[in-house]
Amino acid sequence: MKKLLLGLTVLAATFAGLAHANNSSFSDRAVAERLKPVGQVCLKGDECADAVAVENSADTAEEPAGEVSGEDLFKSKGCTACHSIDNKIVGPAFKEVAAKGASASTLANHIKNGSVGEWGSIPMPPNNVTEDEANTLAEWVLSLN
């Protein structure tokens with residue numbers, strides 16, 4: 001727990017320092033855009049929960065069968081807050097990760113469970129992804145090489 005808190009403190013300090021740098025990718029607007037909320041939480045019994053349930057059932061009926069692409073997961077799972085395809089942000093560029101040559105299973109494990117020390121001292125926290133999503137993301141990242 002202490003390592004996690006230390007890692008988060010280092011990450012916060014890094015963001016604070018970088019936000020004041022003259023680098024446009026770390027402008028307040030750019031950081032806010034990468035960290036904006038994805039949606040809202042509705043609890044069972046709330047008015048919004050009923051609306052979401054109806055909306056989700058309509059979405060499910062219209063969606064064709066198939067898996068979500070790695071690129072779609074990259075955009076929807078918050079990866080863009082710290083990573084890009086071509087340039088280092090907080091974490092390494094995905095093309096750098098692909099070039100390093102890790103196996104898909106190792107990369108999927110790092111995506112799902114987090115890691116530290118692979119690309120420096122800033123830890124990557126665990127991500128809220130399923131095993132299948134982690135595997136899809138890992139395969140997609142490795143395909144960028």
# chains A, B, ... in the order shown; residues from 1 in each chain; ligands from 1
>>> residues_around(residues="region 111-114 of chain A", least_positions_apart="5", cutoff="10 Å", atoms="only C-alpha atoms", output="ChimeraX atom specification")
/A:79,105-106,123-135,137-138
>>> residues_around(residues="Trp119 (chain A)", least_positions_apart="6", cutoff="10 Å", atoms="only C-alpha atoms", output="list in words")
Gly91, Pro92 and Val97 of chain A
>>> atom_distance(atom1="CA of Asn145 (chain A)", atom2="CA of Ala30 (chain A)")
26.5 Å
>>> closest_residue(among="A:Ser103, A:Lys77, A:Val90, A:His83", to="Ser143 (chain A)", atoms="only C-alpha atoms")
A:Ser103
>>> closest_residue(among="A:Val116, A:Ile85, A:Arg29, A:Gly45", to="Gly70 (chain A)", atoms="only C-alpha atoms")
A:Ile85
>>> residues_around(residues="Asn87 (chain A)", least_positions_apart="6", cutoff="12 Å", atoms="only C-alpha atoms", output="list of chain:residue names")
A:Ser25, A:Thr80, A:Ala93, A:Phe94, A:Lys95, A:Glu96, A:Val97
>>> residues_around(residues="Trp140 (chain A)", least_positions_apart="4", cutoff="8 Å", atoms="only C-alpha atoms", output="MDAnalysis selection string")
chainID A and resid 69:71 136 144
>>> write_last_selection(atoms="N, CA and C atoms", output="CSV table (one decimal), in the first residue's frame")
chain,number,residue,atom,x,y,z
A,69,SER,N,-12.3,-3.5,-30.8
A,69,SER,CA,-11.0,-3.5,-31.3
A,69,SER,C,-10.0,-3.0,-30.2
A,70,GLY,N,-8.8,-3.3,-30.3
A,70,GLY,CA,-7.8,-2.8,-29.4
A,70,GLY,C,-7.7,-1.3,-29.4
A,71,GLU,N,-7.8,-0.7,-30.6
A,71,GLU,CA,-7.8,0.8,-30.7
A,71,GLU,C,-9.0,1.4,-30.0
A,136,THR,N,-6.8,-8.3,-25.8
A,136,THR,CA,-7.0,-7.6,-27.0
A,136,THR,C,-6.1,-6.3,-27.1
A,144,LEU,N,1.6,-2.8,-33.5
A,144,LEU,CA,2.0,-1.5,-33.9
A,144,LEU,C,3.5,-1.5,-34.3
